[in-house]
Amino acid sequence: MGKAQYFCHRTKPMKSEKQKYDFDTPIDRRKTNSVKWGSRTVNRESLTSLSVADMDFAVDEHIVAALKKRIEHPIFGYEFMPDSLSDLFCEWQLRHHGFNVDKESILYLPGVVNGIAISILTLSEPGDGVVIQPPVYPPFFGVVENNDRTLLLNPLLYNAELASWSMDLTGLEELFLQNRPRLMLLCNPHNPVGRVWRGDELKELCDLCQRYDVVLISDDIHSDFIFSGHSYTPLANVVSPEGQGFVQLLSPAKTFNIPGLGLAYALIPDAEQRKAVQDKVGAMGLAAPNILASTAVQAAYKHGGHWFDSVKHYIEKNHQEFREQISTGLPWARVSPFEGSFVAWVDLRESGLGHAELAHIIRHEAKLMLFDGLSFGDNGEFFFRFNLASPRSVLQQGVEDFIRALTVGKERGRFKISLDNVIERKCCG
Ligand SMILES: Cc1ncc(COP(=O)(O)O)c(C=O)c1O
């Protein structure tokens with residue numbers, strides 16, 4: 001990434017609606033304990049990271065200004081969540097997704113993953129089955145198993161021709177019938193494959209859950225990143241009111257690039273379930289909000305709309321260029337259709353190389369940190385996930401290094417195969 005500086009443009013006036021944001025200039029995060037860029041164990045100095053799903057972009061200046069103002073007050077005691085936090089969130093959902101949130105259904109949490117964990121602990125018993133659909137965000141595995149529930153897998157179906165993914169609803173019904181799970185975790189948009197589940201798919205899923213008395217917990221953390229031709233369907237819009245309830249988890253973390261601050265929204269329409277989850281949150285001592293998170297989130301929902309539109313547009317353009325670069329440089333590789341989230345999921349099975357060899361080439365020859373497909377489940381073999389939320393020049397350079405290393409690696413693999421054939425023939429002949 002060269003000699004990037006943390007450029008401090010905070011002294012400049014706030015940007016008006018028409019001004020452009022600078023997403024192009026790289027910001028060095030290596031010295032900030034960034035999980036994406038640094039580590040105690042791995043020397044990542046010489047590597048470029050396109051891995052962990054946060055963005056290498058400065059947040060909206062309104063967020064920084066609000067935080068600065070708050071820290072000028074030198075007391076950081078306990079605070080309650082102001083009403084405005086719910087109002088601003090509801091306005092955002094209505095404006096961006098036409099989603100009419102019932103304010104009463106909102107519960108605050110420090111994060112989406114702990115929201116899933118607390119929902120599991122509240123709405124099921126030890127040993128109960130919880131369904132997940134790999135390839136999926138890695139903590140989905142641990143949050144079930146580490147809370148003493150039984151992990152049940154309903155792998156997504158893959159159409160290699162189109163590089164597209166769908167839910168296996170027939171397999172799911174079979175699983176429901178055989179194992180009688182209590183809960184199911186949904187990811188919408190689905191990290192890492194980028195699917196934005198359509199209303200008809202979700203309706204079918206919800207009907208199945210209702211028939212087999214399965215409560216859905218939907219992780220919708222990426223739901224503000226929905227790209228051209230697609231739209232986000234909140235569970236609330238398709239679930240039957242007579243159903244067994246659901247938990248929908250939303251968050252400003254990805255939207256405004258503030259995951260380190262820790263604040264998420266759980267929507268739990270059923271009053272009894274909501275109270276039970278709220279009691280569990282209290283029992284775990286997690287009810288007190290992070291005051292800087294609440295300050296930042298209010299500023300974000302109030303003033304961050306233009307920044308968000310701009311960053312989303314930038315990422316969509318990044319994706320177009322990414323797809324073109326890959327299809328020109330590695331015509332045999334397949335990139336899954338880009339519907340939602342800011343990650344790209346790439347299928348490298350046609351390289352003829354094994355997964356471990358691919359991982360080695362990417363890390364040691366391309367010098368890239370990507371997310372390894374196998375960490376999303378067994379059907380992530382031969383896949384790697386790119387995070388597209390980087391300055392375009394960093395992404396382009398990373399993809400160029402990726403293409404160069406894989407081209408050499410594939411050629412070497414081909415040579416090795418033909419050499420093996422010669423040796424084989426000699427031995428046998
Ligand atoms: C699908 C998904 N859920 C949850 C999270 C993390 O959310 P939180 O930090 O609020 O627990 C991520 C982060 O990458 C994610 O991709």
# chains A, B, ... in the order shown; residues from 1 in each chain; ligands from 1

$ select_by_dssp --residues "stretch 255-363 of chain A" --states "alpha helix (DSSP H)" --output "short mmCIF file (atom, residue, chain, number, x, y, z; two decimals) with C-alpha atoms, in the first residue's frame"
data_model
loop_
_atom_site.label_atom_id
_atom_site.label_comp_id
_atom_site.auth_asym_id
_atom_site.auth_seq_id
_atom_site.Cartn_x
_atom_site.Cartn_y
_atom_site.Cartn_z
CA ALA A 271 -43.92 -9.42 23.37
CA GLU A 272 -43.25 -12.57 25.41
CA GLN A 273 -40.16 -13.51 23.42
CA ARG A 274 -38.95 -9.92 23.55
CA LYS A 275 -39.30 -9.79 27.33
CA ALA A 276 -37.49 -13.11 27.68
CA VAL A 277 -34.59 -11.91 25.51
CA GLN A 278 -34.51 -8.57 27.33
CA ASP A 279 -34.36 -10.36 30.69
CA LYS A 280 -31.45 -12.45 29.42
CA VAL A 281 -29.65 -9.30 28.25
CA GLY A 282 -30.12 -7.90 31.76
CA ALA A 283 -29.04 -11.14 33.42
CA ILE A 291 -22.33 5.93 25.17
CA LEU A 292 -19.98 6.66 22.28
CA ALA A 293 -21.86 4.16 20.11
CA SER A 294 -25.17 5.85 20.80
CA THR A 295 -23.63 9.27 20.02
CA ALA A 296 -22.10 8.04 16.75
CA VAL A 297 -25.20 6.19 15.62
CA GLN A 298 -27.47 9.17 16.13
CA ALA A 299 -25.14 11.35 14.06
CA ALA A 300 -24.92 8.63 11.42
CA TYR A 301 -28.65 8.11 10.97
CA LYS A 302 -29.30 11.85 11.13
CA HIS A 303 -26.57 13.10 8.78
CA GLY A 305 -27.23 9.35 4.38
CA HIS A 306 -25.21 11.15 1.73
CA TRP A 307 -21.95 9.54 2.86
CA PHE A 308 -23.62 6.13 2.77
CA ASP A 309 -25.06 6.65 -0.74
CA SER A 310 -21.61 7.69 -1.92
CA VAL A 311 -19.79 4.75 -0.35
CA LYS A 312 -22.33 2.30 -1.73
CA HIS A 313 -21.93 3.77 -5.19
CA TYR A 314 -18.13 3.54 -4.87
CA ILE A 315 -18.33 -0.12 -3.83
CA GLU A 316 -20.67 -0.97 -6.70
CA LYS A 317 -18.15 0.55 -9.11
CA ASN A 318 -15.36 -1.36 -7.36
CA HIS A 319 -17.31 -4.53 -7.97
CA GLN A 320 -17.79 -3.81 -11.69
CA GLU A 321 -14.06 -3.24 -12.13
CA PHE A 322 -13.24 -6.27 -9.97
CA ARG A 323 -15.45 -8.50 -12.13
CA GLU A 324 -13.93 -7.15 -15.35
CA GLN A 325 -10.39 -7.54 -14.07
CA ILE A 326 -11.02 -11.15 -13.00
CA SER A 327 -12.83 -12.14 -16.18
CA THR A 328 -10.02 -10.72 -18.32
CA GLY A 329 -7.14 -12.04 -16.22
CA HIS A 355 -7.53 -25.68 -2.00
CA ALA A 356 -4.43 -25.70 0.21
CA GLU A 357 -2.25 -24.89 -2.78
CA LEU A 358 -4.55 -22.02 -3.76
CA ALA A 359 -4.43 -20.67 -0.21
CA HIS A 360 -0.62 -20.90 -0.22
#

$ closest_atom_pairs --of "chain A" --to "ligand 1" --cutoff "10 Å" --atoms "only C-alpha atoms and all ligand atoms" --output "Markdown table"
| residue | atom | partner | partner_atom_place_in_ligand_line | distance |
| --- | --- | --- | --- | --- |
| A:Ser51 | CA | ligand 1 | 14 (O) | 9.9 |
| A:Val52 | CA | ligand 1 | 14 (O) | 6.7 |
| A:Ala53 | CA | ligand 1 | 14 (O) | 4.8 |
| A:Asp54 | CA | ligand 1 | 14 (O) | 7.1 |
| A:Leu109 | CA | ligand 1 | 10 (O) | 8.6 |
| A:Pro110 | CA | ligand 1 | 10 (O) | 7.0 |
| A:Gly111 | CA | ligand 1 | 10 (O) | 3.5 |
| A:Val112 | CA | ligand 1 | 10 (O) | 3.7 |
| A:Val113 | CA | ligand 1 | 11 (O) | 3.8 |
| A:Asn114 | CA | ligand 1 | 11 (O) | 6.0 |
| A:Gly115 | CA | ligand 1 | 11 (O) | 7.6 |
| A:Ile116 | CA | ligand 1 | 11 (O) | 8.5 |
| A:Ala117 | CA | ligand 1 | 11 (O) | 9.8 |
| A:Val136 | CA | ligand 1 | 1 (C) | 7.8 |
| A:Tyr137 | CA | ligand 1 | 1 (C) | 5.4 |
| A:Pro138 | CA | ligand 1 | 1 (C) | 8.7 |
| A:Pro139 | CA | ligand 1 | 4 (C) | 7.9 |
| A:Phe140 | CA | ligand 1 | 3 (N) | 8.3 |
| A:Leu186 | CA | ligand 1 | 1 (C) | 9.2 |
| A:Cys187 | CA | ligand 1 | 1 (C) | 6.0 |
| A:Asn188 | CA | ligand 1 | 1 (C) | 7.7 |
| A:Pro189 | CA | ligand 1 | 1 (C) | 7.8 |
| A:His190 | CA | ligand 1 | 1 (C) | 6.8 |
| A:Asn191 | CA | ligand 1 | 1 (C) | 5.3 |
| A:Pro192 | CA | ligand 1 | 16 (O) | 7.8 |
| A:Ser218 | CA | ligand 1 | 1 (C) | 9.5 |
| A:Asp219 | CA | ligand 1 | 3 (N) | 5.9 |
| A:Asp220 | CA | ligand 1 | 1 (C) | 7.0 |
| A:Ile221 | CA | ligand 1 | 3 (N) | 5.6 |
| A:His222 | CA | ligand 1 | 1 (C) | 6.7 |
| A:Ser223 | CA | ligand 1 | 1 (C) | 9.7 |
| A:Leu249 | CA | ligand 1 | 3 (N) | 8.8 |
| A:Leu250 | CA | ligand 1 | 10 (O) | 8.5 |
| A:Ser251 | CA | ligand 1 | 10 (O) | 6.8 |
| A:Pro252 | CA | ligand 1 | 10 (O) | 8.8 |
| A:Ala253 | CA | ligand 1 | 10 (O) | 6.5 |
| A:Lys254 | CA | ligand 1 | 13 (C) | 7.6 |
| A:Ile258 | CA | ligand 1 | 9 (O) | 9.3 |
| A:Pro259 | CA | ligand 1 | 9 (O) | 5.6 |
| A:Gly260 | CA | ligand 1 | 9 (O) | 7.3 |
| A:Leu261 | CA | ligand 1 | 9 (O) | 8.9 |
| A:Gly262 | CA | ligand 1 | 10 (O) | 6.3 |
| A:Leu263 | CA | ligand 1 | 10 (O) | 6.8 |
| A:Ala264 | CA | ligand 1 | 10 (O) | 6.2 |
| A:Tyr265 | CA | ligand 1 | 10 (O) | 9.4 |
| A:Ser341 | CA | ligand 1 | 16 (O) | 8.4 |
| A:Phe342 | CA | ligand 1 | 16 (O) | 9.6 |
| A:Val343 | CA | ligand 1 | 16 (O) | 9.3 |

$ residues_around --residues "A:Val238" --least-positions-apart "4" --cutoff "8 Å" --atoms "only C-alpha atoms" --output "PDB file with C-alpha atoms, in the first residue's frame"
ATOM      1  CA  GLY A 199     -39.656 -12.145  -0.958  1.00  0.00           C
ATOM      2  CA  LEU A 202     -38.415 -15.929   2.272  1.00  0.00           C
ATOM      3  CA  LYS A 203     -42.162 -16.539   2.215  1.00  0.00           C
ATOM      4  CA  CYS A 206     -41.256 -18.755   6.719  1.00  0.00           C
ATOM      5  CA  THR A 233     -37.248  -7.943   2.205  1.00  0.00           C
ATOM      6  CA  PRO A 234     -37.449  -7.770   5.991  1.00  0.00           C
TER       7      PRO A 234
END

$ atom_distance --atom1 "atom CA of A:Pro26" --atom2 "atom CA of A:Val64"
18.5 Å

$ closest_residue --among "A:His96, A:Arg385, A:His364, A:Lys69" --to "A:Gly409" --atoms "only C-alpha atoms"
A:His364

$ atom_distance --atom1 "atom CA of A:Tyr212" --atom2 "atom CA of A:Ser105"
24.1 Å

$ closest_residue --among "A:Gln396, A:Ile132, A:Val101, A:Ser86" --to "A:Leu235" --atoms "only C-alpha atoms"
A:Val101
